[in-house]
Amino acid sequence: MNSKSIRNLFTAPMLVSFLVFGTMPFWIDAIGLYQYLGLEVMIWVIFALAVNLLLGYTGLPSFGHGAFLGIGAYAFGLTQFNIAANLWVSLFGAVAATAVLGGLVAAFISHRRGIYFALMTIACAQIFFFIASKWTDVTGGEDGLLNIQRLPLDLGLAEISIKSNFNLYYLCFAAYVIIVVGMWRLVNSPFGKIITAIKQNDSRVAFLGYNVWLYKWIIFTLSCAISGLAGALFAMAQEGAYINIMSLQWSGIVILIVLIGGGFISFWGPVLGVIFYFLARDILGAYTEAWLLWFGLIFMLMVMFKPEGLAGIWQDAQLMFGRRKEAPQACPEPNHAGGD
Amino acid sequence: MALFEARHLHKRFADQVVLEDITLSFEENQISGIMGPNGAGKTTCFNVLTGRYRPDRGTVFFDGKDITGLPPRKIARHGIARSFQMMNLFDEYTALENIVLALPEVSARGFSMTHNLAHDVDAQDRGAAVLARIGLGGREHTPASDLSYGQRRALEIGIALAAEPRMLFLDEPTSGLGTDATATLATLIQEIRKSVTIVIIEHDMKFLFDLADRIAVIHWGQVIAQGTPETLRENEWVRTSNLGALA
Ligand SMILES: Nc1ncnc2c1ncn2[C@@H]1O[C@H](COP(=O)(O)OP(=O)(O)O)[C@@H](O)[C@H]1O
Ligand SMILES: [Mg+2]
């Protein structure tokens with residue numbers, strides 16, 4: 001691989017995020033936080049990025065996405081209990097199950113947009129929640145699916161235990177690296193440009209000959225599959241799969257996270273949002289039980305004064321300090337000859 | 001048979017009949033014009049011809065193929081492009097991005113998820129060439145929302161052109177343009193007519209009479225007259241409507 005194609009693969013903010021997250025277990029205790037928090041952040045970052053593929057990039061409000069986090073968690077547990085107690089097989093089971101169910105939901109809702117789309121996602125999420133809570137033989141109902149194992153990571157040559165939060169963190173980090181690199185390529189590819197065109201003006205996209213329905217179906221299914229992966233990691237982190245993550249409350253919180261972070265204007269919005277949310281939970285939460293109320297208040301202030309979220313504040317700050325705004329969409333200079 | 005033929009089209013919204021037995025044909029490599037008062041049903045006619053609405057009755061043929069009632073994307077895939085009376089751009093995208101998405105080589109591999117479109121030198125060059133053609137050279141990286149009204153009108157047409165269609169429908173392309181911009185647009189249309197069959201809805205009669213080979217007048221959802229500009233000058237409706245500019 002030559003240096004140009006490497007440069008196309010990675011960006012500066014991406015490398016910064018790898019540096020920060022890649023070293024986090026070594027300094028997180030020193031700043032008064034704890035290893036499990038890092039794990040939660042990493043998993044929710046993956047989930048929030050998946051949600052933002054829909055919300056920020058395609059303009060599709062999925063208000064029931066927690067269902068797919070939950071389905072991934074259950075499917076991971078069920079695969080390791082019933083099919084094979086192998087990490088790869090179980091991860092595959094989680095991703096495949098969410099992709100199939102997500103694809104099914106997508107088939108029913110991809111002709112919708114806006115508020116109708118949002119309502120349909122809520123309805124579907126409620127159906128999954130209902131099934132998970134009643135089908136106790138399979139899901140454990142209100143008790144959840146207990147004793148999900150952190151199965152050893154089999155790398156062929158070596159087998160690594162991920163029983164410690166430290167080691168499991170690095171598995172999540174590896175997933176994060178792959179997903180961020182892949183997603184960055186995706187959103188800058190023709191496919192990515194088309195889904196964002198759909199967000200702006202879906203009817204014009206159709207008049208250009210694109211199959212809008214199919215693009216929506218694909219991106220929804222893909223987003224569900226990634227959420228399923230996050231769910232599987234969450235099941236290992238929690239060593240169980242619990243119904244509460246499928247509730248609408250969690251689906252709502254991930255939307256808040258993405259919006260506070262600034263998912264509409266930046267690829268990194270969801271990452272900032274997740275960090276902000278978990279810091280708020282732990283710091284505000286140390287002072288008051290009602291921290292979510294304060295968090296909600298922050299959200300309202302954000303919507304009123306800086307709807308572009310944390311990423312928007314960051315961009316403003318960069319402009320203020322006179323640095324050129326990082327423009328991920330910009331084309332490289334030498335490319336536009338503009339022949340007449 | 002003409003390249004494009006619509007026969008006996010009917011379209012109603014609720015109990016309002018908007019198109020009543022419209023029959024039109026557009027010859028290959030000609031410029032056809034459609035005129036008529038506001039609310040006559042001209043835009044609705046385009047919407048039926050390009051797939052936004054399915055006609056209640058009637059048929060639409062393009063190049064001998066029945067395309068009646070096909071969705072917009074399928075009609076577009078036949079090589080039919082259109083611009084809109086109400087502007088219909090991708091406002092968050094730059095002028096260049098607006099164009100690039102419409103290029104045939106990009107729409108042909110729209111499902112590619114890995115190669116970076118901004119690094120696709122061919123597509124960027126072809127997009128820049130389209131921009132230069134519509135007078136937006138140098139505006140490649142301006143967001144569509146920051147362009148002036150006239151530039152947005154030009155981009156609206158550029159998106160349709162970029163698809164390299166065989167057949168191009170333009171809905172009131174001069175709407176809101178000044179004299180200079182209208183003249184530039186006329187020059188552009190004269191130039192592209194060599195490679196594409198064009199249908200223009202237009203209220204600027206001078207513009208239309210100068211460009212069109214044939215013109216149809218639609219009134220109350222019906223074709224009340226059609227013919228060459230010369231014959232239409234004698235038409236009663238055309239004469240009684242505002243024709244001071246035509247002299
Ligand atoms: N989607 C629609 N629903 C209901 N009525 C419509 C719709 N589109 C157009 N009309 C009506 O059809 C008539 C013709 O409109 P239009 O085709 O836009 O006229 P023109 O382009 O000739 O000015 C108008 O009375 C308009 O209100
Ligand atoms: Mg009109």
# chains A, B, ... in the order shown; residues from 1 in each chain; ligands from 1
>>> residues_around(residues="segment 183-186 of chain B", least_positions_apart="2", cutoff="10 Å", atoms="only C-alpha atoms", output="list in words")
Ile134, Gly135, Arg153, Ala154, Ile157, Pro173, Thr174, Leu177, Gly178, Thr179, Asp180, Ala181, Leu188, Ile189, Gln190, Glu191, Phe207, Leu208, Asp210 and Leu211 of chain B
>>> write_last_selection(atoms="N, CA and C atoms", output="short mmCIF file (atom, residue, chain, number, x, y, z; two decimals), in the first residue's frame")
data_model
loop_
_atom_site.label_atom_id
_atom_site.label_comp_id
_atom_site.auth_asym_id
_atom_site.auth_seq_id
_atom_site.Cartn_x
_atom_site.Cartn_y
_atom_site.Cartn_z
N ILE B 134 -22.08 25.58 -17.56
CA ILE B 134 -23.25 26.35 -17.13
C ILE B 134 -22.85 27.66 -16.46
N GLY B 135 -21.58 28.03 -16.65
CA GLY B 135 -21.13 29.33 -16.15
C GLY B 135 -20.81 29.35 -14.67
N ARG B 153 -30.20 28.59 -10.17
CA ARG B 153 -30.99 28.21 -11.36
C ARG B 153 -30.10 27.44 -12.33
N ALA B 154 -28.89 27.96 -12.54
CA ALA B 154 -27.98 27.30 -13.47
C ALA B 154 -27.63 25.90 -12.97
N ILE B 157 -30.22 23.30 -13.61
CA ILE B 157 -30.15 22.73 -14.96
C ILE B 157 -28.91 21.85 -15.10
N PRO B 173 -37.10 27.39 -16.92
CA PRO B 173 -35.68 27.60 -16.56
C PRO B 173 -35.31 29.07 -16.40
N THR B 174 -36.05 30.01 -17.02
CA THR B 174 -35.64 31.42 -16.90
C THR B 174 -36.31 32.11 -15.72
N LEU B 177 -34.77 34.95 -13.64
CA LEU B 177 -33.47 35.37 -14.18
C LEU B 177 -33.57 36.75 -14.84
N GLY B 178 -32.48 37.50 -14.76
CA GLY B 178 -32.41 38.78 -15.45
C GLY B 178 -32.17 38.59 -16.95
N THR B 179 -32.10 39.68 -17.70
CA THR B 179 -31.94 39.60 -19.15
C THR B 179 -30.64 38.91 -19.55
N ASP B 180 -29.56 39.28 -18.87
CA ASP B 180 -28.26 38.70 -19.22
C ASP B 180 -28.25 37.20 -18.98
N ALA B 181 -28.70 36.82 -17.81
CA ALA B 181 -28.69 35.39 -17.47
C ALA B 181 -29.60 34.63 -18.42
N LEU B 188 -26.66 28.51 -23.96
CA LEU B 188 -26.37 27.16 -23.48
C LEU B 188 -27.32 26.15 -24.12
N ILE B 189 -28.59 26.50 -24.18
CA ILE B 189 -29.57 25.56 -24.74
C ILE B 189 -29.31 25.35 -26.24
N GLN B 190 -28.96 26.42 -26.93
CA GLN B 190 -28.59 26.26 -28.35
C GLN B 190 -27.44 25.28 -28.51
N GLU B 191 -26.52 25.33 -27.56
CA GLU B 191 -25.35 24.47 -27.67
C GLU B 191 -25.69 23.02 -27.34
N PHE B 207 -38.08 34.20 -25.38
CA PHE B 207 -37.11 33.13 -25.16
C PHE B 207 -37.56 31.86 -25.87
N LEU B 208 -38.80 31.50 -25.65
CA LEU B 208 -39.31 30.24 -26.18
C LEU B 208 -39.45 30.30 -27.71
N ASP B 210 -37.87 32.04 -29.78
CA ASP B 210 -36.56 32.05 -30.45
C ASP B 210 -35.94 30.67 -30.50
N LEU B 211 -36.20 29.87 -29.48
CA LEU B 211 -35.50 28.59 -29.37
C LEU B 211 -36.26 27.42 -29.99
#
>>> residues_near_ligand(ligand="ligand 2", cutoff="8 Å", atoms="only C-alpha atoms and all ligand atoms", output="list in words")
Asn38, Gly39, Gly41, Lys42, Thr43, Thr44, Gln85, Asp171, Glu172 and Ile201 of chain B
>>> residues_near_ligand(ligand="ligand 1", cutoff="12 Å", atoms="only C-alpha atoms and all ligand atoms", output="mmCIF file with N, CA, C and O atoms, in the first residue's frame")
data_model
loop_
_atom_site.group_PDB
_atom_site.id
_atom_site.type_symbol
_atom_site.label_atom_id
_atom_site.label_comp_id
_atom_site.auth_asym_id
_atom_site.auth_seq_id
_atom_site.Cartn_x
_atom_site.Cartn_y
_atom_site.Cartn_z
ATOM 1 N N HIS B 10 -54.744 11.703 -18.769
ATOM 2 C CA HIS B 10 -55.688 12.330 -17.839
ATOM 3 C C HIS B 10 -55.077 12.281 -16.449
ATOM 4 O O HIS B 10 -54.471 11.284 -16.074
ATOM 5 N N LYS B 11 -55.250 13.383 -15.719
ATOM 6 C CA LYS B 11 -54.793 13.366 -14.329
ATOM 7 C C LYS B 11 -55.711 14.253 -13.512
ATOM 8 O O LYS B 11 -55.994 15.395 -13.895
ATOM 9 N N ARG B 12 -56.182 13.735 -12.405
ATOM 10 C CA ARG B 12 -56.992 14.564 -11.517
ATOM 11 C C ARG B 12 -56.465 14.467 -10.100
ATOM 12 O O ARG B 12 -55.906 13.455 -9.682
ATOM 13 N N PHE B 13 -56.609 15.573 -9.367
ATOM 14 C CA PHE B 13 -56.326 15.564 -7.928
ATOM 15 C C PHE B 13 -57.661 15.759 -7.232
ATOM 16 O O PHE B 13 -58.312 16.782 -7.427
ATOM 17 N N ALA B 14 -58.037 14.761 -6.422
ATOM 18 C CA ALA B 14 -59.368 14.764 -5.812
ATOM 19 C C ALA B 14 -60.398 15.016 -6.925
ATOM 20 O O ALA B 14 -60.419 14.272 -7.896
ATOM 21 N N ASP B 15 -61.214 16.059 -6.835
ATOM 22 C CA ASP B 15 -62.204 16.229 -7.899
ATOM 23 C C ASP B 15 -61.783 17.302 -8.896
ATOM 24 O O ASP B 15 -62.563 17.723 -9.740
ATOM 25 N N GLN B 16 -60.505 17.738 -8.811
ATOM 26 C CA GLN B 16 -60.030 18.734 -9.765
ATOM 27 C C GLN B 16 -59.337 18.038 -10.949
ATOM 28 O O GLN B 16 -58.321 17.360 -10.779
ATOM 29 N N VAL B 17 -59.888 18.191 -12.118
ATOM 30 C CA VAL B 17 -59.259 17.625 -13.309
ATOM 31 C C VAL B 17 -58.138 18.573 -13.742
ATOM 32 O O VAL B 17 -58.378 19.737 -14.027
ATOM 33 N N VAL B 18 -56.905 18.079 -13.738
ATOM 34 C CA VAL B 18 -55.775 18.953 -14.058
ATOM 35 C C VAL B 18 -55.269 18.698 -15.480
ATOM 36 O O VAL B 18 -54.871 19.624 -16.177
ATOM 37 N N LEU B 19 -55.280 17.461 -15.907
ATOM 38 C CA LEU B 19 -54.921 17.156 -17.290
ATOM 39 C C LEU B 19 -56.095 16.420 -17.925
ATOM 40 O O LEU B 19 -56.588 15.432 -17.370
ATOM 41 N N GLU B 20 -56.507 16.895 -19.081
ATOM 42 C CA GLU B 20 -57.658 16.283 -19.720
ATOM 43 C C GLU B 20 -57.304 15.959 -21.159
ATOM 44 O O GLU B 20 -57.219 16.848 -22.003
ATOM 45 N N ILE B 34 -43.548 24.329 -24.261
ATOM 46 C CA ILE B 34 -44.911 24.256 -23.737
ATOM 47 C C ILE B 34 -45.179 25.583 -23.060
ATOM 48 O O ILE B 34 -44.347 26.066 -22.272
ATOM 49 N N MET B 35 -46.287 26.199 -23.410
ATOM 50 C CA MET B 35 -46.635 27.435 -22.723
ATOM 51 C C MET B 35 -48.096 27.397 -22.315
ATOM 52 O O MET B 35 -48.846 26.491 -22.684
ATOM 53 N N GLY B 36 -48.469 28.389 -21.540
ATOM 54 C CA GLY B 36 -49.845 28.430 -21.050
ATOM 55 C C GLY B 36 -49.885 29.184 -19.744
ATOM 56 O O GLY B 36 -48.838 29.383 -19.114
ATOM 57 N N PRO B 37 -51.056 29.604 -19.315
ATOM 58 C CA PRO B 37 -51.145 30.426 -18.096
ATOM 59 C C PRO B 37 -50.809 29.629 -16.833
ATOM 60 O O PRO B 37 -50.743 28.398 -16.861
ATOM 61 N N ASN B 38 -50.609 30.358 -15.761
ATOM 62 C CA ASN B 38 -50.355 29.699 -14.475
ATOM 63 C C ASN B 38 -51.521 28.789 -14.109
ATOM 64 O O ASN B 38 -52.667 29.154 -14.302
ATOM 65 N N GLY B 39 -51.181 27.635 -13.582
ATOM 66 C CA GLY B 39 -52.228 26.727 -13.140
ATOM 67 C C GLY B 39 -52.850 25.926 -14.264
ATOM 68 O O GLY B 39 -53.807 25.194 -14.059
ATOM 69 N N ALA B 40 -52.276 26.037 -15.460
ATOM 70 C CA ALA B 40 -52.859 25.335 -16.608
ATOM 71 C C ALA B 40 -52.627 23.830 -16.542
ATOM 72 O O ALA B 40 -53.348 23.059 -17.169
ATOM 73 N N GLY B 41 -51.600 23.431 -15.793
ATOM 74 C CA GLY B 41 -51.295 22.007 -15.705
ATOM 75 C C GLY B 41 -49.975 21.627 -16.357
ATOM 76 O O GLY B 41 -49.674 20.444 -16.534
ATOM 77 N N LYS B 42 -49.143 22.618 -16.659
ATOM 78 C CA LYS B 42 -47.883 22.334 -17.353
ATOM 79 C C LYS B 42 -46.933 21.512 -16.474
ATOM 80 O O LYS B 42 -46.382 20.493 -16.911
ATOM 81 N N THR B 43 -46.728 21.980 -15.232
ATOM 82 C CA THR B 43 -45.827 21.244 -14.337
ATOM 83 C C THR B 43 -46.384 19.853 -14.043
ATOM 84 O O THR B 43 -45.639 18.863 -14.015
ATOM 85 N N THR B 44 -47.691 19.774 -13.880
ATOM 86 C CA THR B 44 -48.305 18.464 -13.636
ATOM 87 C C THR B 44 -48.039 17.538 -14.818
ATOM 88 O O THR B 44 -47.758 16.343 -14.647
ATOM 89 N N CYS B 45 -48.109 18.107 -16.014
ATOM 90 C CA CYS B 45 -47.825 17.319 -17.208
ATOM 91 C C CYS B 45 -46.399 16.760 -17.147
ATOM 92 O O CYS B 45 -46.183 15.559 -17.330
ATOM 93 N N PHE B 46 -45.424 17.622 -16.822
ATOM 94 C CA PHE B 46 -44.042 17.135 -16.644
ATOM 95 C C PHE B 46 -43.976 16.052 -15.563
ATOM 96 O O PHE B 46 -43.271 15.061 -15.708
ATOM 97 N N ASN B 47 -44.700 16.281 -14.479
ATOM 98 C CA ASN B 47 -44.668 15.309 -13.382
ATOM 99 C C ASN B 47 -45.196 13.952 -13.826
ATOM 100 O O ASN B 47 -44.713 12.911 -13.368
ATOM 101 N N VAL B 48 -46.163 13.962 -14.705
ATOM 102 C CA VAL B 48 -46.684 12.694 -15.215
ATOM 103 C C VAL B 48 -45.685 12.077 -16.205
ATOM 104 O O VAL B 48 -45.424 10.874 -16.180
ATOM 105 N N LEU B 49 -45.090 12.919 -17.030
ATOM 106 C CA LEU B 49 -44.160 12.395 -18.037
ATOM 107 C C LEU B 49 -42.885 11.840 -17.410
ATOM 108 O O LEU B 49 -42.259 10.932 -17.946
ATOM 109 N N ARG B 52 -43.271 11.324 -11.529
ATOM 110 C CA ARG B 52 -43.669 11.696 -10.165
ATOM 111 C C ARG B 52 -45.104 11.265 -9.900
ATOM 112 O O ARG B 52 -45.415 10.771 -8.831
ATOM 113 N N TYR B 53 -45.994 11.504 -10.905
ATOM 114 C CA TYR B 53 -47.373 11.028 -10.773
ATOM 115 C C TYR B 53 -47.669 10.042 -11.886
ATOM 116 O O TYR B 53 -47.185 10.182 -13.004
ATOM 117 N N ARG B 54 -48.490 9.080 -11.523
ATOM 118 C CA ARG B 54 -48.971 8.130 -12.524
ATOM 119 C C ARG B 54 -50.242 8.732 -13.146
ATOM 120 O O ARG B 54 -51.091 9.250 -12.422
ATOM 121 N N PHE B 84 -36.355 21.487 -12.251
ATOM 122 C CA PHE B 84 -37.586 21.785 -11.528
ATOM 123 C C PHE B 84 -37.853 23.281 -11.487
ATOM 124 O O PHE B 84 -36.933 24.092 -11.415
ATOM 125 N N GLN B 85 -39.133 23.590 -11.495
ATOM 126 C CA GLN B 85 -39.538 24.993 -11.387
ATOM 127 C C GLN B 85 -39.196 25.511 -9.992
ATOM 128 O O GLN B 85 -38.598 26.571 -9.833
ATOM 129 N N MET B 86 -39.573 24.744 -8.991
ATOM 130 C CA MET B 86 -39.165 25.033 -7.614
ATOM 131 C C MET B 86 -37.786 24.426 -7.425
ATOM 132 O O MET B 86 -37.616 23.234 -7.639
ATOM 133 N N LEU B 170 -37.159 20.837 -19.089
ATOM 134 C CA LEU B 170 -36.813 22.006 -18.276
ATOM 135 C C LEU B 170 -38.093 22.752 -17.913
ATOM 136 O O LEU B 170 -38.833 23.194 -18.791
ATOM 137 N N ASP B 171 -38.334 22.904 -16.622
ATOM 138 C CA ASP B 171 -39.563 23.559 -16.163
ATOM 139 C C ASP B 171 -39.263 25.013 -15.786
ATOM 140 O O ASP B 171 -38.656 25.271 -14.756
ATOM 141 N N GLU B 172 -39.674 25.928 -16.627
ATOM 142 C CA GLU B 172 -39.476 27.375 -16.430
ATOM 143 C C GLU B 172 -38.040 27.718 -16.042
ATOM 144 O O GLU B 172 -37.785 28.312 -14.995
ATOM 145 N N ILE B 200 -39.188 22.413 -23.114
ATOM 146 C CA ILE B 200 -39.102 23.530 -22.171
ATOM 147 C C ILE B 200 -40.500 24.079 -21.874
ATOM 148 O O ILE B 200 -41.244 24.417 -22.795
ATOM 149 N N ILE B 201 -40.826 24.142 -20.595
ATOM 150 C CA ILE B 201 -41.993 24.935 -20.187
ATOM 151 C C ILE B 201 -41.474 26.338 -19.961
ATOM 152 O O ILE B 201 -40.460 26.520 -19.281
ATOM 153 N N GLU B 202 -42.149 27.335 -20.506
ATOM 154 C CA GLU B 202 -41.591 28.665 -20.373
ATOM 155 C C GLU B 202 -42.694 29.717 -20.462
ATOM 156 O O GLU B 202 -43.631 29.578 -21.250
ATOM 157 N N HIS B 203 -42.572 30.717 -19.622
ATOM 158 C CA HIS B 203 -43.539 31.813 -19.748
ATOM 159 C C HIS B 203 -42.931 33.004 -20.486
ATOM 160 O O HIS B 203 -43.637 33.895 -20.928
ATOM 161 N N VAL B 217 -49.555 24.852 -26.683
ATOM 162 C CA VAL B 217 -50.165 25.723 -25.676
ATOM 163 C C VAL B 217 -51.131 24.884 -24.847
ATOM 164 O O VAL B 217 -52.016 24.220 -25.404
ATOM 165 N N ILE B 218 -50.928 24.893 -23.527
ATOM 166 C CA ILE B 218 -51.825 24.151 -22.635
ATOM 167 C C ILE B 218 -52.664 25.147 -21.851
ATOM 168 O O ILE B 218 -52.152 26.130 -21.317
ATOM 169 N N HIS B 219 -53.948 24.887 -21.825
ATOM 170 C CA HIS B 219 -54.870 25.754 -21.099
ATOM 171 C C HIS B 219 -55.947 24.860 -20.503
ATOM 172 O O HIS B 219 -56.476 23.991 -21.181
ATOM 173 N N TRP B 220 -56.264 25.088 -19.218
ATOM 174 C CA TRP B 220 -57.253 24.252 -18.532
ATOM 175 C C TRP B 220 -56.970 22.768 -18.726
ATOM 176 O O TRP B 220 -57.873 21.977 -18.903
ATOM 177 N N GLY B 221 -55.711 22.404 -18.730
ATOM 178 C CA GLY B 221 -55.383 20.986 -18.808
ATOM 179 C C GLY B 221 -55.552 20.377 -20.191
ATOM 180 O O GLY B 221 -55.538 19.160 -20.333
ATOM 181 N N GLN B 222 -55.721 21.233 -21.200
ATOM 182 C CA GLN B 222 -55.856 20.692 -22.546
ATOM 183 C C GLN B 222 -54.879 21.394 -23.484
ATOM 184 O O GLN B 222 -54.508 22.536 -23.252
ATOM 185 N N VAL B 223 -54.497 20.687 -24.542
ATOM 186 C CA VAL B 223 -53.661 21.320 -25.561
ATOM 187 C C VAL B 223 -54.602 22.092 -26.472
ATOM 188 O O VAL B 223 -55.403 21.506 -27.196
#
>>> interface_residues(of="chain B", to="chain A", cutoff="6 Å", atoms="only C-alpha atoms", output="list in words")
Pro72, Arg73, Ala76, Arg77, Phe90, Ala102, Gly110, Phe111, Ser112, Met113, Thr114, His115, Asn116, Leu117, Ala118, Val121, Asp125, Ala128, Ala129 and Ala132 of chain B
>>> closest_residue(among="A:Phe278, A:Trp213, A:Phe166, A:Phe81", to="Ile109 of chain A", atoms="only C-alpha atoms")
A:Trp213
>>> residues_around(residues="segment 20-32 of chain A", least_positions_apart="5", cutoff="8 Å", atoms="only C-alpha atoms", output="PDB file with C-alpha atoms, in the first residue's frame")
ATOM      1  CA  GLY A  38     -13.810   3.040  29.452  1.00  0.00           C
ATOM      2  CA  PHE A 166      -8.638  -4.246  30.518  1.00  0.00           C
ATOM      3  CA  TYR A 169     -11.535  -3.071  26.437  1.00  0.00           C
ATOM      4  CA  TYR A 170      -8.911  -3.754  23.819  1.00  0.00           C
ATOM      5  CA  PHE A 173     -11.093  -0.838  20.831  1.00  0.00           C
TER       6      PHE A 173
END
>>> residues_around(residues="Gln151 of chain B", least_positions_apart="4", cutoff="8 Å", atoms="only C-alpha atoms", output="PyMOL selection string")
chain B and resi 136+147+155
>>> select_by_dssp(residues="segment 60-229 of chain B", states="strand (DSSP E)", output="VMD selection string")
chain B and resid 60 to 62 65 to 66 80 to 82 167 to 171 197 to 201 214 to 219 222 to 227
>>> atom_distance(atom1="atom CA of Asn147 of chain A", atom2="atom CA of Phe128 of chain A")
22.0 Å
>>> residues_around(residues="segment 232-243 of chain B", least_positions_apart="2", cutoff="9 Å", atoms="only C-alpha atoms", output="PyMOL selection string")
chain B and resi 36-37+205-206+209+215-217+224-230+245-247
>>> residues_around(residues="Thr121 of chain A", least_positions_apart="4", cutoff="9 Å", atoms="only C-alpha atoms", output="JSON, numbers by chain")
{"A": [61, 62, 63, 64, 65, 105, 106, 109, 116, 117, 125, 126]}
>>> write_last_selection(atoms="C-alpha atoms", output="CSV table (one decimal), in the first residue's frame")
chain,number,residue,atom,x,y,z
A,61,PRO,CA,-34.7,9.2,12.7
A,62,SER,CA,-34.6,5.7,14.3
A,63,PHE,CA,-36.1,6.3,17.7
A,64,GLY,CA,-36.1,2.6,18.6
A,65,HIS,CA,-32.5,1.6,18.0
A,105,VAL,CA,-37.8,-3.9,9.8
A,106,ALA,CA,-36.2,-1.9,7.1
A,109,ILE,CA,-40.3,1.2,6.8
A,116,TYR,CA,-43.7,8.5,9.9
A,117,PHE,CA,-40.4,6.7,9.7
A,125,ALA,CA,-38.9,-1.5,18.8
A,126,GLN,CA,-41.9,-1.9,21.1
>>> residues_around(residues="Leu168 of chain B", least_positions_apart="4", cutoff="9 Å", atoms="only C-alpha atoms", output="ChimeraX atom specification")
/B:79-83,160-161,196-200
>>> atom_distance(atom1="atom CA of Leu319 of chain A", atom2="atom CA of Ala144 of chain B")
21.6 Å
